[in-house]
>>> print(open('run_10.pdb').read())   # PDB, C-alpha atoms, pLDDT in the B column
ATOM      1  CA  LEU A   1      57.577  96.589  91.734  1.00 81.00           C
ATOM      2  CA  ASN A   2      55.550  94.583  89.201  1.00 87.00           C
ATOM      3  CA  THR A   3      56.003  91.376  91.189  1.00 92.00           C
ATOM      4  CA  LYS A   4      54.848  93.009  94.420  1.00 92.00           C
ATOM      5  CA  VAL A   5      51.762  94.493  92.727  1.00 93.00           C
ATOM      6  CA  ALA A   6      50.946  91.185  90.995  1.00 95.00           C
ATOM      7  CA  GLN A   7      51.225  89.350  94.317  1.00 96.00           C
ATOM      8  CA  ALA A   8      48.888  91.869  95.963  1.00 96.00           C
ATOM      9  CA  ALA A   9      46.365  91.496  93.120  1.00 95.00           C
ATOM     10  CA  ALA A  10      46.438  87.687  93.226  1.00 96.00           C
ATOM     11  CA  PHE A  11      46.044  87.707  97.006  1.00 96.00           C
ATOM     12  CA  SER A  12      43.201  90.248  96.920  1.00 96.00           C
ATOM     13  CA  LEU A  13      41.330  88.457  94.151  1.00 95.00           C
ATOM     14  CA  GLY A  14      41.989  84.979  95.503  1.00 94.00           C
ATOM     15  CA  CYS A  15      43.431  83.709  92.238  1.00 95.00           C
ATOM     16  CA  ASP A  16      46.738  82.270  91.102  1.00 96.00           C
ATOM     17  CA  ILE A  17      49.427  84.824  90.297  1.00 96.00           C
ATOM     18  CA  SER A  18      49.832  83.241  86.852  1.00 96.00           C
ATOM     19  CA  LEU A  19      46.445  84.779  85.966  1.00 95.00           C
ATOM     20  CA  ILE A  20      47.679  88.324  86.674  1.00 94.00           C
ATOM     21  CA  THR A  21      49.006  90.310  83.719  1.00 91.00           C
ATOM     22  CA  MET A  22      51.072  93.438  84.247  1.00 86.00           C
ATOM     23  CA  MET A  23      50.736  96.161  81.631  1.00 81.00           C
ATOM     24  CA  PRO A  24      53.352  98.758  80.655  1.00 76.00           C
ATOM     25  CA  VAL A  25      53.156 102.140  82.368  1.00 72.00           C
ATOM     26  CA  SER A  26      51.132 104.615  80.332  1.00 69.00           C
ATOM     27  CA  THR A  27      50.223 108.243  80.925  1.00 68.00           C
ATOM     28  CA  ALA A  28      46.875 107.423  79.311  1.00 68.00           C
ATOM     29  CA  VAL A  29      46.028 105.452  82.470  1.00 63.00           C
ATOM     30  CA  THR A  30      47.980 107.319  85.155  1.00 62.00           C
ATOM     31  CA  SER A  31      48.164 110.785  83.669  1.00 60.00           C
ATOM     32  CA  ASN A  32      49.038 112.726  86.810  1.00 62.00           C
ATOM     33  CA  ASN A  33      51.403 110.322  88.483  1.00 61.00           C
ATOM     34  CA  GLY A  34      53.465 112.072  91.135  1.00 61.00           C
ATOM     35  CA  ALA A  35      57.134 111.767  91.955  1.00 59.00           C
ATOM     36  CA  THR A  36      58.525 108.435  93.045  1.00 64.00           C
ATOM     37  CA  GLY A  37      61.107 107.553  95.621  1.00 67.00           C
ATOM     38  CA  GLY A  38      62.036 104.951  98.188  1.00 68.00           C
ATOM     39  CA  SER A  39      59.316 102.443  98.979  1.00 69.00           C
ATOM     40  CA  VAL A  40      56.528 105.021  98.655  1.00 79.00           C
ATOM     41  CA  THR A  41      55.897 104.072  95.026  1.00 79.00           C
ATOM     42  CA  SER A  42      55.438 100.391  95.744  1.00 83.00           C
ATOM     43  CA  GLU A  43      53.153 101.077  98.704  1.00 87.00           C
ATOM     44  CA  LEU A  44      50.973 103.430  96.656  1.00 86.00           C
ATOM     45  CA  CYS A  45      50.818 100.994  93.745  1.00 86.00           C
ATOM     46  CA  VAL A  46      49.870  98.097  96.024  1.00 91.00           C
ATOM     47  CA  SER A  47      47.258 100.217  97.795  1.00 92.00           C
ATOM     48  CA  ALA A  48      45.685 101.279  94.489  1.00 89.00           C
ATOM     49  CA  THR A  49      45.753  97.688  93.230  1.00 92.00           C
ATOM     50  CA  MET A  50      44.057  96.377  96.341  1.00 94.00           C
ATOM     51  CA  ALA A  51      41.367  99.081  96.078  1.00 94.00           C
ATOM     52  CA  ALA A  52      40.711  98.115  92.450  1.00 93.00           C
ATOM     53  CA  CYS A  53      40.592  94.421  93.403  1.00 95.00           C
ATOM     54  CA  ALA A  54      38.075  95.195  96.154  1.00 96.00           C
ATOM     55  CA  SER A  55      35.843  96.801  93.510  1.00 96.00           C
ATOM     56  CA  ILE A  56      36.156  93.741  91.284  1.00 95.00           C
ATOM     57  CA  ASN A  57      35.370  91.427  94.202  1.00 96.00           C
ATOM     58  CA  THR A  58      32.254  93.488  94.948  1.00 96.00           C
ATOM     59  CA  MET A  59      31.138  93.199  91.318  1.00 95.00           C
ATOM     60  CA  LEU A  60      31.758  89.437  91.312  1.00 96.00           C
ATOM     61  CA  HIS A  61      30.134  88.748  94.688  1.00 97.00           C
ATOM     62  CA  PRO A  62      26.663  87.824  93.328  1.00 96.00           C
ATOM     63  CA  ILE A  63      28.261  85.447  90.822  1.00 97.00           C
ATOM     64  CA  LYS A  64      30.425  83.868  93.535  1.00 96.00           C
ATOM     65  CA  VAL A  65      27.344  83.295  95.697  1.00 97.00           C
ATOM     66  CA  SER A  66      25.479  81.668  92.799  1.00 97.00           C
ATOM     67  CA  ASN A  67      28.513  79.586  91.768  1.00 96.00           C
ATOM     68  CA  PRO A  68      30.401  78.721  94.977  1.00 95.00           C
ATOM     69  CA  ASN A  69      32.563  76.029  93.343  1.00 96.00           C
ATOM     70  CA  ALA A  70      33.536  78.043  90.256  1.00 96.00           C
ATOM     71  CA  THR A  71      37.194  78.727  89.554  1.00 95.00           C
ATOM     72  CA  TRP A  72      38.456  82.269  89.075  1.00 94.00           C
ATOM     73  CA  VAL A  73      38.487  81.800  85.299  1.00 95.00           C
ATOM     74  CA  GLN A  74      34.928  80.463  85.338  1.00 97.00           C
ATOM     75  CA  LEU A  75      33.742  83.414  87.445  1.00 96.00           C
ATOM     76  CA  CYS A  76      35.256  85.840  84.949  1.00 95.00           C
ATOM     77  CA  GLN A  77      33.711  83.950  82.025  1.00 96.00           C
ATOM     78  CA  ILE A  78      30.261  84.091  83.649  1.00 97.00           C
ATOM     79  CA  ALA A  79      30.670  87.811  84.362  1.00 97.00           C
ATOM     80  CA  THR A  80      31.723  88.475  80.773  1.00 96.00           C
ATOM     81  CA  THR A  81      28.796  86.454  79.440  1.00 96.00           C
ATOM     82  CA  GLN A  82      26.494  88.614  81.562  1.00 95.00           C
ATOM     83  CA  GLY A  83      28.023  91.766  80.054  1.00 96.00           C
ATOM     84  CA  MET A  84      29.802  92.769  83.239  1.00 95.00           C
ATOM     85  CA  ASP A  85      32.717  95.201  82.875  1.00 93.00           C
ATOM     86  CA  LEU A  86      35.427  93.945  85.229  1.00 91.00           C
ATOM     87  CA  ARG A  87      37.689  96.959  84.878  1.00 88.00           C
ATOM     88  CA  ALA A  88      38.421  98.842  88.078  1.00 86.00           C
ATOM     89  CA  TYR A  89      40.737 101.653  89.072  1.00 79.00           C
ATOM     90  CA  GLY A  90      42.390 102.194  92.438  1.00 70.00           C
TER      91      GLY A  90
END
>>> encode(input="run_10.pdb", output="C-alpha coordinates")
Amino acid sequence: LNTKVAQAAAFSLGCDISLITMMPVSTAVTSNNGATGGSVTSELCVSATMAACASINTMLHPIKVSNPNATWVQLCQIATTQGMDLRAYG
(Lines of atoms letter the chains of each structure in order from A and count residues from 1; the text may use other names and numbers.)
(Lines give C-alpha, C1' and ligand atoms only; values in the text may rest on other atoms or scores of the structure.)
Protein backbone atom coordinates (compact mmCIF):
# COMPACT_ATOMS: atom_id res chain seq x y z
CA LEU A 1 0.00 0.00 0.00
CA ASN A 2 2.75 2.47 0.94
CA THR A 3 4.57 1.88 -2.35
CA LYS A 4 1.43 2.47 -4.40
CA VAL A 5 0.64 5.70 -2.52
CA ALA A 6 4.25 6.91 -2.80
CA GLN A 7 4.21 6.23 -6.55
CA ALA A 8 0.96 8.18 -6.92
CA ALA A 9 2.40 11.11 -4.94
CA ALA A 10 5.64 11.20 -6.96
CA PHE A 11 3.69 11.03 -10.22
CA SER A 12 1.23 13.73 -9.15
CA LEU A 13 3.93 16.07 -7.89
CA GLY A 14 6.32 15.38 -10.74
CA CYS A 15 9.20 14.50 -8.44
CA ASP A 16 11.38 11.47 -7.86
CA ILE A 17 9.90 8.81 -5.60
CA SER A 18 13.02 8.99 -3.41
CA LEU A 19 11.75 12.40 -2.23
CA ILE A 20 8.49 10.91 -0.90
CA THR A 21 8.40 9.94 2.77
CA MET A 22 5.69 7.68 4.12
CA MET A 23 4.61 8.27 7.71
CA PRO A 24 3.16 5.71 10.14
CA VAL A 25 -0.63 5.49 10.37
CA SER A 26 -1.97 7.68 13.16
CA THR A 27 -5.49 8.32 14.40
CA ALA A 28 -4.37 11.90 15.01
CA VAL A 29 -4.34 12.37 11.22
CA THR A 30 -7.06 9.95 10.08
CA SER A 31 -9.28 9.83 13.13
CA ASN A 32 -12.41 8.41 11.52
CA ASN A 33 -10.90 5.94 9.12
CA GLY A 34 -13.49 3.43 7.95
CA ALA A 35 -13.22 -0.30 7.48
CA THR A 36 -10.73 -1.68 5.00
CA GLY A 37 -10.96 -4.57 2.61
CA GLY A 38 -9.89 -5.75 -0.81
CA SER A 39 -8.44 -3.06 -3.04
CA VAL A 40 -10.81 -0.38 -1.74
CA THR A 41 -8.27 0.83 0.81
CA SER A 42 -5.51 1.34 -1.72
CA GLU A 43 -7.83 3.13 -4.14
CA LEU A 44 -9.09 5.48 -1.42
CA CYS A 45 -5.56 6.18 -0.18
CA VAL A 46 -4.32 6.91 -3.70
CA SER A 47 -7.32 9.13 -4.41
CA ALA A 48 -6.77 11.12 -1.21
CA THR A 49 -3.05 11.41 -1.95
CA MET A 50 -3.66 12.69 -5.45
CA ALA A 51 -6.16 15.26 -4.13
CA ALA A 52 -3.60 16.49 -1.59
CA CYS A 53 -0.91 16.63 -4.29
CA ALA A 54 -3.24 18.68 -6.51
CA SER A 55 -3.56 21.20 -3.67
CA ILE A 56 0.21 21.36 -3.29
CA ASN A 57 0.66 21.82 -7.04
CA THR A 58 -1.84 24.69 -6.95
CA MET A 59 0.09 26.34 -4.11
CA LEU A 60 3.40 25.90 -5.96
CA HIS A 61 2.12 27.04 -9.36
CA PRO A 62 3.20 30.71 -9.03
CA ILE A 63 6.67 29.62 -7.93
CA LYS A 64 6.93 27.15 -10.82
CA VAL A 65 5.99 29.90 -13.28
CA SER A 66 8.62 32.25 -11.83
CA ASN A 67 11.27 29.50 -11.69
CA PRO A 68 10.64 27.20 -14.68
CA ASN A 69 14.01 25.43 -14.42
CA ALA A 70 13.93 24.83 -10.66
CA THR A 71 14.11 21.29 -9.33
CA TRP A 72 11.44 19.95 -6.99
CA VAL A 73 13.73 20.50 -4.00
CA GLN A 74 14.45 24.07 -5.08
CA LEU A 75 10.73 24.79 -5.50
CA CYS A 76 10.06 23.55 -1.98
CA GLN A 77 12.96 25.60 -0.60
CA ILE A 78 11.63 28.76 -2.28
CA ALA A 79 8.13 28.08 -0.95
CA THR A 80 9.46 27.54 2.56
CA THR A 81 11.52 30.72 2.37
CA GLN A 82 8.35 32.58 1.42
CA GLY A 83 6.56 31.15 4.47
CA MET A 84 4.32 28.87 2.44
CA ASP A 85 2.74 25.93 4.29
CA LEU A 86 2.97 22.97 1.92
CA ARG A 87 0.81 20.64 3.98
CA ALA A 88 -2.32 19.36 2.28
CA TYR A 89 -4.96 16.79 3.10
CA GLY A 90 -6.91 14.64 0.67
>>> atom_distance(input="run_10.pdb", atom1="CA of Ile20 in chain A", atom2="CA of Val5 in chain A")
9.6 Å
>>> resolve_selection(input="run_10.pdb", expression="the PyMOL selection byres ((chain A and resi 47) around 12)", output="list of chain:residue names")
A:Lys4, A:Val5, A:Ala6, A:Ala8, A:Ala9, A:Ser12, A:Val40, A:Thr41, A:Ser42, A:Glu43, A:Leu44, A:Cys45, A:Val46, A:Ala48, A:Thr49, A:Met50, A:Ala51, A:Ala52, A:Cys53, A:Ala54, A:Tyr89, A:Gly90
>>> atom_distance(input="run_10.pdb", atom1="CA of Leu60 in chain A", atom2="CA of Ile78 in chain A")
9.5 Å
>>> residues_around(input="run_10.pdb", residues="Lys64 in chain A", least_positions_apart="3", cutoff="12 Å", atoms="all atoms listed in the file", output="PyMOL selection string")
chain A and resi 13-14+56-61+67-79
>>> atom_distance(input="run_10.pdb", atom1="CA of Thr3 in chain A", atom2="CA of Ile17 in chain A")
9.3 Å
>>> axis_aligned_box(input="run_10.pdb", around="range 8-18 of chain A", padding_each_side="8 Å", output="AutoDock Vina command-line options")
--center_x 45.6 --center_y 87.1 --center_z 91.9 --size_x 24.5 --size_y 25.6 --size_z 26.2
